[in-house]
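J.: Just entry.pdb, nothing more (PDB, C-alpha atoms and all ligand atoms):
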```pdb
MODEL        1
ATOM      1  CA  MET V   1      61.936 -41.074 -62.572  1.00  0.00           C
ATOM      2  CA  ARG V   2      65.383 -39.548 -63.149  1.00  0.00           C
ATOM      3  CA  THR V   3      65.988 -35.996 -61.934  1.00  0.00           C
ATOM      4  CA  ASN V   4      68.367 -33.284 -63.112  1.00  0.00           C
ATOM      5  CA  THR V   5      69.707 -30.337 -61.164  1.00  0.00           C
ATOM      6  CA  CYS V   6      68.565 -26.828 -62.128  1.00  0.00           C
ATOM      7  CA  PRO V   7      71.421 -24.704 -63.548  1.00  0.00           C
ATOM      8  CA  LYS V   8      69.786 -21.545 -62.124  1.00  0.00           C
ATOM      9  CA  CYS V   9      68.961 -22.451 -58.525  1.00  0.00           C
ATOM     10  CA  GLN V  10      70.209 -26.037 -58.035  1.00  0.00           C
ATOM     11  CA  GLY V  11      66.638 -27.201 -57.386  1.00  0.00           C
ATOM     12  CA  SER V  12      65.582 -30.615 -58.686  1.00  0.00           C
ATOM     13  CA  MET V  13      64.145 -30.888 -62.186  1.00  0.00           C
ATOM     14  CA  VAL V  14      61.339 -33.200 -63.251  1.00  0.00           C
ATOM     15  CA  GLN V  15      60.927 -34.673 -66.717  1.00  0.00           C
ATOM     16  CA  GLY V  16      57.963 -33.583 -68.856  1.00  0.00           C
ATOM     17  CA  PHE V  17      57.118 -32.499 -72.387  1.00  0.00           C
ATOM     18  CA  MET V  18      55.499 -29.624 -74.283  1.00  0.00           C
ATOM     19  CA  LEU V  19      51.882 -30.493 -75.020  1.00  0.00           C
ATOM     20  CA  GLU V  20      50.352 -29.429 -78.312  1.00  0.00           C
ATOM     21  CA  GLU V  21      46.569 -29.332 -78.550  1.00  0.00           C
ATOM     22  CA  ASN V  22      44.782 -28.912 -81.851  1.00  0.00           C
ATOM     23  CA  GLN V  23      40.998 -29.355 -81.957  1.00  0.00           C
ATOM     24  CA  GLY V  24      41.087 -31.837 -79.091  1.00  0.00           C
ATOM     25  CA  LEU V  25      43.996 -33.818 -80.517  1.00  0.00           C
ATOM     26  CA  LYS V  26      46.896 -33.880 -78.074  1.00  0.00           C
ATOM     27  CA  SER V  27      50.471 -34.471 -79.179  1.00  0.00           C
ATOM     28  CA  VAL V  28      54.085 -33.901 -78.174  1.00  0.00           C
ATOM     29  CA  SER V  29      55.823 -30.828 -79.636  1.00  0.00           C
ATOM     30  CA  SER V  30      58.779 -31.504 -81.902  1.00  0.00           C
ATOM     31  CA  TRP V  31      61.930 -29.678 -82.877  1.00  0.00           C
ATOM     32  CA  VAL V  32      62.311 -29.316 -86.633  1.00  0.00           C
ATOM     33  CA  GLU V  33      65.532 -28.360 -88.403  1.00  0.00           C
ATOM     34  CA  GLY V  34      65.669 -25.072 -90.318  1.00  0.00           C
ATOM     35  CA  ALA V  35      63.422 -22.026 -90.578  1.00  0.00           C
ATOM     36  CA  PRO V  36      59.650 -22.654 -90.820  1.00  0.00           C
ATOM     37  CA  VAL V  37      58.128 -22.599 -94.318  1.00  0.00           C
ATOM     38  CA  LYS V  38      54.503 -21.512 -94.076  1.00  0.00           C
ATOM     39  CA  GLY V  39      51.852 -22.602 -96.543  1.00  0.00           C
ATOM     40  CA  TRP V  40      48.048 -22.405 -96.758  1.00  0.00           C
ATOM     41  CA  PHE V  41      47.488 -25.180 -94.220  1.00  0.00           C
ATOM     42  CA  GLY V  42      50.179 -24.297 -91.718  1.00  0.00           C
ATOM     43  CA  VAL V  43      53.881 -25.092 -91.605  1.00  0.00           C
ATOM     44  CA  LYS V  44      55.181 -27.237 -94.454  1.00  0.00           C
ATOM     45  CA  LEU V  45      57.413 -30.175 -93.592  1.00  0.00           C
ATOM     46  CA  GLY V  46      59.989 -31.663 -95.908  1.00  0.00           C
ATOM     47  CA  ARG V  47      62.508 -34.355 -95.108  1.00  0.00           C
ATOM     48  CA  GLN V  48      64.412 -32.318 -92.521  1.00  0.00           C
ATOM     49  CA  ALA V  49      65.355 -33.681 -89.099  1.00  0.00           C
ATOM     50  CA  LYS V  50      62.494 -33.805 -86.567  1.00  0.00           C
ATOM     51  CA  TYR V  51      62.730 -34.836 -82.899  1.00  0.00           C
ATOM     52  CA  GLU V  52      60.182 -34.938 -80.096  1.00  0.00           C
ATOM     53  CA  ILE V  53      61.042 -32.398 -77.393  1.00  0.00           C
ATOM     54  CA  GLN V  54      61.699 -33.580 -73.854  1.00  0.00           C
ATOM     55  CA  THR V  55      61.471 -30.719 -71.359  1.00  0.00           C
ATOM     56  CA  TRP V  56      62.631 -30.710 -67.761  1.00  0.00           C
ATOM     57  CA  ARG V  57      61.095 -28.288 -65.278  1.00  0.00           C
ATOM     58  CA  CYS V  58      62.610 -27.003 -62.045  1.00  0.00           C
ATOM     59  CA  GLY V  59      60.206 -27.504 -59.152  1.00  0.00           C
ATOM     60  CA  ARG V  60      61.748 -24.574 -57.283  1.00  0.00           C
ATOM     61  CA  CYS V  61      62.055 -21.702 -59.832  1.00  0.00           C
ATOM     62  CA  GLY V  62      60.141 -23.082 -62.844  1.00  0.00           C
ATOM     63  CA  PHE V  63      63.099 -22.963 -65.228  1.00  0.00           C
ATOM     64  CA  LEU V  64      62.598 -25.128 -68.327  1.00  0.00           C
ATOM     65  CA  GLU V  65      65.353 -27.063 -70.094  1.00  0.00           C
ATOM     66  CA  SER V  66      64.580 -28.829 -73.350  1.00  0.00           C
ATOM     67  CA  TYR V  67      66.245 -31.707 -75.193  1.00  0.00           C
ATOM     68  CA  ALA V  68      65.529 -32.968 -78.700  1.00  0.00           C
ATOM     69  CA  LYS V  69      67.343 -36.282 -78.877  1.00  0.00           C
ATOM     70  CA  GLY V  70      67.649 -38.311 -82.047  1.00  0.00           C
TER      71      GLY V  70
HETATM   72 ZN    ZN J   1      65.531 -23.673 -60.555  1.00  0.00          ZN
ENDMDL
END
```
I need this file expressed as structure tokens, please.
Ligand SMILES: [Zn+2]

T.:
Amino acid sequence: MRTNTCPKCQGSMVQGFMLEENQGLKSVSSWVEGAPVKGWFGVKLGRQAKYEIQTWRCGRCGFLESYAKG
């Protein structure tokens, strides 16, 4: 596993992701372009850009750094 260096304390960062749990269903959080449009059944999605979020965590101070790569 690749590691990054923490910009806050220079500790080593470990790759992970933001977990989303909804009624037992587990998924990876995504970044969606634009402001959220809320409807009756939650946030409405159109054809805007959407990327899964990759989050790195510092093992020393707990700082989180996220990437949403296309
Ligand atoms: Zn750190």

J.: Calculated over all atoms listed in the file, which of the candidates V:Trp31, V:Phe41, V:Trp56, V:Tyr51 has the smallest distance to ligand ZN 1 (chain J)?

T.: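 Using all atoms listed in the file, ligand ZN 1 (chain J) sits closest to V:Trp56.
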
J.: Find the residue from V:Gly24, V:Gly39, V:Gly16, V:Gly59 that sits nearest to ligand ZN 1 (chain J); use only C-alpha atoms and all ligand atoms when measuring.

T.: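 Nearest to ligand ZN 1 (chain J): V:Gly59.
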
J.: If I take CA of Trp40 in chain V and CA of Asn22 in chain V, how far is one from the other in Å, to one decimal?

T.: 16.6 Å

J.: Give me the residues near Ile53 in chain V as a list in words, where near means some atom within 8 Å (using all atoms listed in the file) and where sequence neighbours in that chain fewer than 6 positions away do not count.

T.: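 The residues that qualify are Phe17, Met18, Val28, Ser29, Ser30, Trp31, Ser66, Tyr67, Ala68 and Lys69 of chain V.
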
J.: Could you tell me how far CA of Glu65 in chain V sits from CA of Gly11 in chain V, in Å to one decimal place?

T.: 12.8 Å
